[in-house]
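Engineer: Mind looking over this structure? Questions follow.
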Amino acid sequence: MIIAVSALGRSEVSQPGIAVVRSLRRVRPDVTIIGLAYDSTESGIYTGDCDVVYLMPYPSQGERALSERLDDIHSRHRLDVVIPCLDNELLNYIAVEGDLQARNIRVALPSSKAFHRRTKSNLYKLCRSLGLTSPRAFVACTIEQAQDATEKLGFPVMLKGMEFGAIKVATQAELVSAFYQLNALVLVQKFVEPEDEYCCVGLGDGYGNLVGSCTIRKTTTTATGKAFGGITVNNPTIDAAVGRLVRALKWCGIFEVEFVWDKHDYQIFEMNPRAPAWLDAASQFGVNLPVAMVDMLQGKKPAVKPCEPGQLFARHATDITFNLADMASLMQKGVMESVVPPAAHQ
């Protein structure tokens, strides 16, 4: 089987692609992995996890550029499955899903409607319709709209970019600075003081059913609030909320829902439309969602056991080394065979 996976960066802001690859190889060691990279500096290119790596056109170049590049790769490797792992590439993949299916390339994607219903700007409305709790929020295109939103919400608030970036602000001066720092359409969201933070990674089958999931309480976070360590928990309230979201959206594919416990309720902060960077921890706990997703795409009925509570994970950063010639070759040719890091030979 040949599977293409994107999002290979494992730097300070870790991307989920290598976690997907290692989850797949844990059960299917003979799988061929085609890495799809947007930049030659993505560290996962050089770790030996991928058999071949191709440079891809940036998502801003649109669906046609994506389709043409995938056609080129497919002509060389006959792809069976593609697993896109970045928020900003998913709409392009959704747009070309029919083309991929016509080429017998399988992909698990939400519908365009489902994708948009869970965006940051629509999440509050979605949660209210399902009887779930999410911090009230307003979209702001101008600084004046952002200031109007703070009058309705009161300080402090969170200013969030629509794709990434979040800044807590407590004054009008901080609001102005943060707004121009994000430099784009922003979401002004009521700030909730967290007692605890939780993440649930799950897999939807596209028909409203949850195939499997794993929930952690964050024990360590990055500067941007991403999970850097956690402990698995059994939380029926979170499970029920995730189940409602999956049923309502008929979600297809892997996703992550982030919660904050504020001493009164579990508030849903985000629903990410792809795998999180900590996905491989879940697979090591026995909840291997990438393998289950591939089984699902092959028409099999995947079996995912419940996640046992009380298991810990911690992100372990390490240095890798590679040759400048390899990077230069990738930039020039747009493709590179797997590179085994020099340290692996020592």
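Letters A, B, ... go to the chains of the structure tokens in the order shown; residues in each chain start at 1; ligands are counted from 1 in the same order.
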List the spatial neighbours of A:Val192 as a compact mmCIF listing (two decimals) with C-alpha atoms, in the first residue's frame - criterion: any atom at most 10 Å away, only C-alpha atoms, same-chain residues fewer than 5 positions off excluded.
Structural biologist:
# COMPACT_ATOMS: atom_id res chain seq x y z
CA SER A 134 -18.51 27.54 23.83
CA PRO A 135 -17.19 31.04 24.62
CA PRO A 156 -10.16 40.25 29.04
CA VAL A 157 -10.72 38.67 25.63
CA MET A 158 -8.79 36.37 23.31
CA VAL A 260 -11.50 24.14 28.86
CA TRP A 261 -12.93 23.34 32.28
CA ASP A 262 -13.75 26.62 34.06
CA GLN A 267 -16.31 24.86 27.17
CA PHE A 269 -12.67 26.21 22.38
Engineer: So that I can check the surroundings of A:Ala227, please list as a list of chain:residue names every protein, DNA and RNA residue that reaches within 8 Å of it, counting only C-alpha atoms and ignoring chain neighbours fewer than 4 positions away.
Structural biologist: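 Counting only C-alpha atoms, the residues come to A:Lys218, A:Thr219, A:Thr220, A:Thr221, A:Thr222, A:Trp278.
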Engineer: Distance atom CA of A:Gly212-atom CA of A:Ala248, one decimal place?
Structural biologist: 16.6 Å
Engineer: Using only C-alpha atoms, pick whichever of A:Ile45, A:His116, A:Glu258, A:Asp205 has the shortest atom-to-atom distance to A:Lys300.
Structural biologist: A:Asp205
Engineer: Considering only C-alpha atoms, can you say which of A:Arg118, A:Arg10, A:Lys160, A:Arg315 comes closest to A:Gly230?
Structural biologist: A:Arg315
Engineer: What parts of stretch 111-294 of chain A does DSSP call strand (DSSP E or B)? I'd like the answer as a PDB file with C-alpha atoms, in the first residue's frame.
Structural biologist:
ATOM      1  CA  ALA A 137     -17.209  35.317  19.974  1.00  0.00           C
ATOM      2  CA  PHE A 138     -17.412  37.928  17.223  1.00  0.00           C
ATOM      3  CA  VAL A 139     -15.602  38.232  13.894  1.00  0.00           C
ATOM      4  CA  ALA A 140     -13.765  41.529  13.382  1.00  0.00           C
ATOM      5  CA  VAL A 157     -10.717  38.669  25.629  1.00  0.00           C
ATOM      6  CA  MET A 158      -8.790  36.371  23.312  1.00  0.00           C
ATOM      7  CA  LEU A 159      -7.902  37.624  19.849  1.00  0.00           C
ATOM      8  CA  LYS A 160      -7.483  34.704  17.455  1.00  0.00           C
ATOM      9  CA  GLY A 161      -6.358  34.484  13.864  1.00  0.00           C
ATOM     10  CA  ALA A 166      -4.037  33.697  19.751  1.00  0.00           C
ATOM     11  CA  ILE A 167      -3.332  36.630  22.074  1.00  0.00           C
ATOM     12  CA  LYS A 168      -4.959  37.465  25.403  1.00  0.00           C
ATOM     13  CA  VAL A 169      -5.702  41.182  25.771  1.00  0.00           C
ATOM     14  CA  VAL A 186      -9.683  38.008  13.691  1.00  0.00           C
ATOM     15  CA  LEU A 187     -12.035  36.400  16.161  1.00  0.00           C
ATOM     16  CA  VAL A 188     -12.701  38.283  19.400  1.00  0.00           C
ATOM     17  CA  GLN A 189     -13.595  35.619  21.943  1.00  0.00           C
ATOM     18  CA  LYS A 190     -14.635  35.901  25.565  1.00  0.00           C
ATOM     19  CA  ASP A 196      -7.945  22.428  33.317  1.00  0.00           C
ATOM     20  CA  GLU A 197      -7.530  21.971  29.572  1.00  0.00           C
ATOM     21  CA  TYR A 198      -8.463  18.857  27.612  1.00  0.00           C
ATOM     22  CA  CYS A 199      -8.067  17.565  24.068  1.00  0.00           C
ATOM     23  CA  CYS A 200      -9.956  14.754  22.380  1.00  0.00           C
ATOM     24  CA  VAL A 201      -8.719  13.205  19.140  1.00  0.00           C
ATOM     25  CA  GLY A 202     -11.272  11.124  17.281  1.00  0.00           C
ATOM     26  CA  LEU A 203     -12.257   9.542  13.978  1.00  0.00           C
ATOM     27  CA  GLY A 204     -15.637  10.024  12.329  1.00  0.00           C
ATOM     28  CA  ASP A 205     -16.963   7.652   9.659  1.00  0.00           C
ATOM     29  CA  LEU A 210     -17.535   7.987  16.165  1.00  0.00           C
ATOM     30  CA  VAL A 211     -15.159   5.150  15.273  1.00  0.00           C
ATOM     31  CA  GLY A 212     -12.797   5.781  18.180  1.00  0.00           C
ATOM     32  CA  SER A 213     -11.313   8.502  20.359  1.00  0.00           C
ATOM     33  CA  CYS A 214      -8.734   9.325  23.022  1.00  0.00           C
ATOM     34  CA  THR A 215      -8.988  12.187  25.519  1.00  0.00           C
ATOM     35  CA  ILE A 216      -6.126  13.749  27.461  1.00  0.00           C
ATOM     36  CA  ARG A 217      -5.833  16.395  30.116  1.00  0.00           C
ATOM     37  CA  LYS A 218      -2.956  18.675  29.249  1.00  0.00           C
ATOM     38  CA  THR A 219      -0.123  18.572  31.782  1.00  0.00           C
ATOM     39  CA  THR A 220       2.348  20.670  29.772  1.00  0.00           C
ATOM     40  CA  THR A 221       1.691  23.206  27.026  1.00  0.00           C
ATOM     41  CA  ALA A 227      -0.349  20.014  24.214  1.00  0.00           C
ATOM     42  CA  PHE A 228       3.272  19.136  24.974  1.00  0.00           C
ATOM     43  CA  GLY A 229       2.406  16.540  27.575  1.00  0.00           C
ATOM     44  CA  GLY A 230      -0.747  14.963  28.929  1.00  0.00           C
ATOM     45  CA  ILE A 231      -2.514  12.149  30.733  1.00  0.00           C
ATOM     46  CA  THR A 232      -5.358  10.078  29.325  1.00  0.00           C
ATOM     47  CA  CYS A 252     -15.436  12.066   8.079  1.00  0.00           C
ATOM     48  CA  GLY A 253     -11.799  11.734   9.088  1.00  0.00           C
ATOM     49  CA  ILE A 254      -9.591  12.471  12.074  1.00  0.00           C
ATOM     50  CA  PHE A 255     -10.267  15.599  14.142  1.00  0.00           C
ATOM     51  CA  GLU A 256      -9.415  17.188  17.489  1.00  0.00           C
ATOM     52  CA  VAL A 257     -11.737  19.009  19.891  1.00  0.00           C
ATOM     53  CA  GLU A 258     -10.224  21.265  22.566  1.00  0.00           C
ATOM     54  CA  PHE A 259     -12.008  21.890  25.871  1.00  0.00           C
ATOM     55  CA  VAL A 260     -11.499  24.142  28.857  1.00  0.00           C
ATOM     56  CA  TRP A 261     -12.927  23.340  32.284  1.00  0.00           C
ATOM     57  CA  TYR A 266     -16.604  22.133  29.791  1.00  0.00           C
ATOM     58  CA  GLN A 267     -16.315  24.860  27.172  1.00  0.00           C
ATOM     59  CA  ILE A 268     -15.421  23.922  23.608  1.00  0.00           C
ATOM     60  CA  PHE A 269     -12.674  26.207  22.381  1.00  0.00           C
ATOM     61  CA  GLU A 270     -11.837  24.733  18.985  1.00  0.00           C
ATOM     62  CA  MET A 271     -12.587  21.851  16.674  1.00  0.00           C
ATOM     63  CA  ASN A 272      -9.553  21.219  14.512  1.00  0.00           C
TER      64      ASN A 272
END
Engineer: When you draw a straight line from atom CA of A:Leu175 to atom CA of A:Cys127, how long is it in Å?
Structural biologist: 26.2 Å
Engineer: Neighbouring residues of A:Leu86 were defined as those with any atom within 8 Å, considering only C-alpha atoms; residues of the same chain fewer than 4 positions away were excluded. Please report them as a count of residues only.
Structural biologist: 5
Engineer: Mind the document's chain letters and residue numbers, and return as a PyMOL selection string the residues of stretch 171-304 of chain A that DSSP labels alpha helix (DSSP H).
Structural biologist: chain A and resi 172-182+236-249+279-284+289-297
Engineer: Give me a file of those residues, with N, CA and C atoms, as a compact mmCIF listing (two decimals), in the first residue's frame.
Structural biologist:
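Output below, filename out.txt:
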# COMPACT_ATOMS: atom_id res chain seq x y z
N GLN A 172 -7.67 48.33 25.94
CA GLN A 172 -7.83 48.79 24.58
C GLN A 172 -6.48 48.91 23.87
N ALA A 173 -5.46 49.34 24.60
CA ALA A 173 -4.13 49.48 24.01
C ALA A 173 -3.59 48.11 23.57
N GLU A 174 -3.76 47.11 24.42
CA GLU A 174 -3.32 45.75 24.06
C GLU A 174 -4.13 45.22 22.88
N LEU A 175 -5.41 45.58 22.83
CA LEU A 175 -6.27 45.14 21.72
C LEU A 175 -5.75 45.66 20.39
N VAL A 176 -5.41 46.93 20.34
CA VAL A 176 -4.91 47.53 19.10
C VAL A 176 -3.61 46.85 18.67
N SER A 177 -2.70 46.66 19.62
CA SER A 177 -1.42 46.03 19.31
C SER A 177 -1.62 44.61 18.80
N ALA A 178 -2.47 43.84 19.48
CA ALA A 178 -2.70 42.44 19.10
C ALA A 178 -3.39 42.34 17.75
N PHE A 179 -4.35 43.24 17.50
CA PHE A 179 -5.08 43.21 16.24
C PHE A 179 -4.13 43.36 15.05
N TYR A 180 -3.23 44.33 15.13
CA TYR A 180 -2.31 44.55 14.01
C TYR A 180 -1.18 43.52 13.98
N GLN A 181 -0.94 42.89 15.12
CA GLN A 181 0.05 41.81 15.14
C GLN A 181 -0.47 40.59 14.38
N LEU A 182 -1.76 40.28 14.58
CA LEU A 182 -2.36 39.16 13.84
C LEU A 182 -2.55 39.51 12.38
N PRO A 236 -16.95 11.14 30.62
CA PRO A 236 -18.22 10.95 29.89
C PRO A 236 -18.80 12.24 29.33
N THR A 237 -18.60 13.37 30.01
CA THR A 237 -19.14 14.65 29.52
C THR A 237 -18.47 15.04 28.21
N ILE A 238 -17.15 14.93 28.17
CA ILE A 238 -16.42 15.23 26.93
C ILE A 238 -16.81 14.24 25.83
N ASP A 239 -16.89 12.96 26.18
CA ASP A 239 -17.27 11.95 25.18
C ASP A 239 -18.63 12.27 24.57
N ALA A 240 -19.58 12.66 25.42
CA ALA A 240 -20.93 12.96 24.93
C ALA A 240 -20.92 14.18 24.02
N ALA A 241 -20.15 15.21 24.39
CA ALA A 241 -20.07 16.42 23.56
C ALA A 241 -19.46 16.11 22.20
N VAL A 242 -18.38 15.33 22.19
CA VAL A 242 -17.73 14.96 20.93
C VAL A 242 -18.68 14.14 20.07
N GLY A 243 -19.42 13.23 20.69
CA GLY A 243 -20.39 12.44 19.95
C GLY A 243 -21.45 13.29 19.29
N ARG A 244 -21.92 14.33 19.99
CA ARG A 244 -22.91 15.24 19.40
C ARG A 244 -22.36 15.96 18.18
N LEU A 245 -21.13 16.45 18.30
CA LEU A 245 -20.51 17.16 17.19
C LEU A 245 -20.37 16.24 15.96
N VAL A 246 -19.90 15.03 16.18
CA VAL A 246 -19.69 14.10 15.08
C VAL A 246 -21.02 13.74 14.41
N ARG A 247 -22.06 13.52 15.23
CA ARG A 247 -23.37 13.19 14.65
C ARG A 247 -23.93 14.36 13.85
N ALA A 248 -23.82 15.57 14.40
CA ALA A 248 -24.39 16.74 13.74
C ALA A 248 -23.68 17.06 12.43
N LEU A 249 -22.37 16.89 12.41
CA LEU A 249 -21.58 17.25 11.23
C LEU A 249 -21.41 16.10 10.26
N LEU A 279 -0.96 12.92 18.14
CA LEU A 279 -1.68 11.74 17.67
C LEU A 279 -0.91 10.44 17.92
N ASP A 280 0.42 10.47 17.74
CA ASP A 280 1.19 9.24 17.90
C ASP A 280 1.16 8.73 19.34
N ALA A 281 0.98 9.64 20.30
CA ALA A 281 0.84 9.18 21.69
C ALA A 281 -0.42 8.32 21.81
N ALA A 282 -1.51 8.76 21.19
CA ALA A 282 -2.75 7.98 21.23
C ALA A 282 -2.54 6.61 20.61
N SER A 283 -1.80 6.55 19.50
CA SER A 283 -1.57 5.24 18.86
C SER A 283 -0.72 4.35 19.75
N GLN A 284 0.22 4.93 20.50
CA GLN A 284 1.02 4.13 21.43
C GLN A 284 0.19 3.66 22.62
N LEU A 289 -5.72 5.66 15.35
CA LEU A 289 -6.75 6.19 14.45
C LEU A 289 -6.32 6.24 12.99
N PRO A 290 -5.05 6.54 12.65
CA PRO A 290 -4.66 6.47 11.23
C PRO A 290 -4.87 5.10 10.61
N VAL A 291 -4.51 4.04 11.34
CA VAL A 291 -4.73 2.69 10.83
C VAL A 291 -6.22 2.41 10.69
N ALA A 292 -7.01 2.83 11.69
CA ALA A 292 -8.46 2.65 11.61
C ALA A 292 -9.04 3.39 10.42
N MET A 293 -8.51 4.58 10.13
CA MET A 293 -9.02 5.36 9.01
C MET A 293 -8.70 4.68 7.68
N VAL A 294 -7.49 4.15 7.55
CA VAL A 294 -7.13 3.45 6.32
C VAL A 294 -8.00 2.19 6.16
N ASP A 295 -8.22 1.47 7.25
CA ASP A 295 -9.12 0.31 7.20
C ASP A 295 -10.51 0.74 6.72
N MET A 296 -11.00 1.84 7.25
CA MET A 296 -12.32 2.35 6.88
C MET A 296 -12.36 2.68 5.39
N LEU A 297 -11.31 3.29 4.88
CA LEU A 297 -11.26 3.65 3.47
C LEU A 297 -11.18 2.42 2.57
Engineer: Give me the residues of stretch 67-127 of chain A that have any atom at most 12 Å from an atom of stretch 330-336 of chain A; for each, the nearest atom pair and the distance in Å, rounded to one decimal. Use only C-alpha atoms, sort by chain and number, and format it as CSV.
Structural biologist:
residue,atom,partner,partner_atom,distance
A:Arg69,CA,A:Gly334,CA,10.6
A:Asp72,CA,A:Val335,CA,11.3
A:Ile73,CA,A:Val335,CA,9.7
A:Arg76,CA,A:Val335,CA,11.5
Engineer: So that I have them on file, write out the residues from the current selection with C-alpha atoms, as a PDB file, in the first residue's frame.
Structural biologist:
ATOM      1  CA  ARG A  69       0.842  17.843  -8.630  1.00  0.00           C
ATOM      2  CA  ASP A  72       2.167  13.764 -11.376  1.00  0.00           C
ATOM      3  CA  ILE A  73       2.947  11.879  -8.151  1.00  0.00           C
ATOM      4  CA  ARG A  76       4.891   7.584 -10.613  1.00  0.00           C
TER       5      ARG A  76
END
Engineer: I'd like the contact shell of A:Ala65 - 12 Å cut-off, only C-alpha atoms, skipping same-chain residues fewer than 4 positions apart - returned as a ChimeraX atom specification.
Structural biologist: /A:56-61,69-72,89,92-93,95-96
Engineer: Which residue out of A:Ser67, A:Val31, A:Arg25, A:Val20 has the minimum interatomic distance to A:Pro84 when only C-alpha atoms are used?
Structural biologist: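 Comparing A:Ser67, A:Val31, A:Arg25, A:Val20 against A:Pro84, the winner is A:Val20.
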Engineer: Using only C-alpha atoms, which of A:Pro306, A:Gly206, A:Gly98, A:Gly48 sits nearest A:Phe322?
Structural biologist: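 Of the candidates, the smallest distance to A:Phe322 is held by A:Gly48.
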Engineer: Pick the closest to A:Gly310 from A:Ala114, A:Gly62, A:Val233, A:Gln298: which is it, counting only C-alpha atoms?
Structural biologist: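 So, comparing all the options, the nearest one is A:Val233.
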Engineer: Please identify all polymer residues within 10 Å of A:Val13, counting only C-alpha atoms, omitting same-chain residues fewer than 2 positions from it, and present them as number ranges by chain.
Structural biologist: A: 9-11, 15-16, 222-224, 226, 277
Engineer: For the selection you just gave me, I'd like the residues written to a file as a PDB file, in the first residue's frame, keeping C-alpha atoms.
Structural biologist:
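As a result, out15.pdb now contains:
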ATOM      1  CA  GLY A   9       7.484  19.710  10.230  1.00  0.00           C
ATOM      2  CA  ARG A  10       8.452  18.751  13.786  1.00  0.00           C
ATOM      3  CA  SER A  11       9.927  22.037  14.988  1.00  0.00           C
ATOM      4  CA  GLN A  15       2.880  19.400  12.662  1.00  0.00           C
ATOM      5  CA  PRO A  16       1.019  16.067  12.758  1.00  0.00           C
ATOM      6  CA  THR A 222       3.696  25.206  24.528  1.00  0.00           C
ATOM      7  CA  ALA A 223       3.757  29.010  24.493  1.00  0.00           C
ATOM      8  CA  THR A 224       0.786  28.881  22.105  1.00  0.00           C
ATOM      9  CA  LYS A 226      -0.668  23.309  22.363  1.00  0.00           C
ATOM     10  CA  ALA A 277       0.639  16.611  16.707  1.00  0.00           C
TER      11      ALA A 277
END
Engineer: When you draw a straight line from atom CA of A:Ser14 to atom CA of A:Gly208, how long is it in Å?
Structural biologist: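 These two atoms are separated by 29.5 Å.
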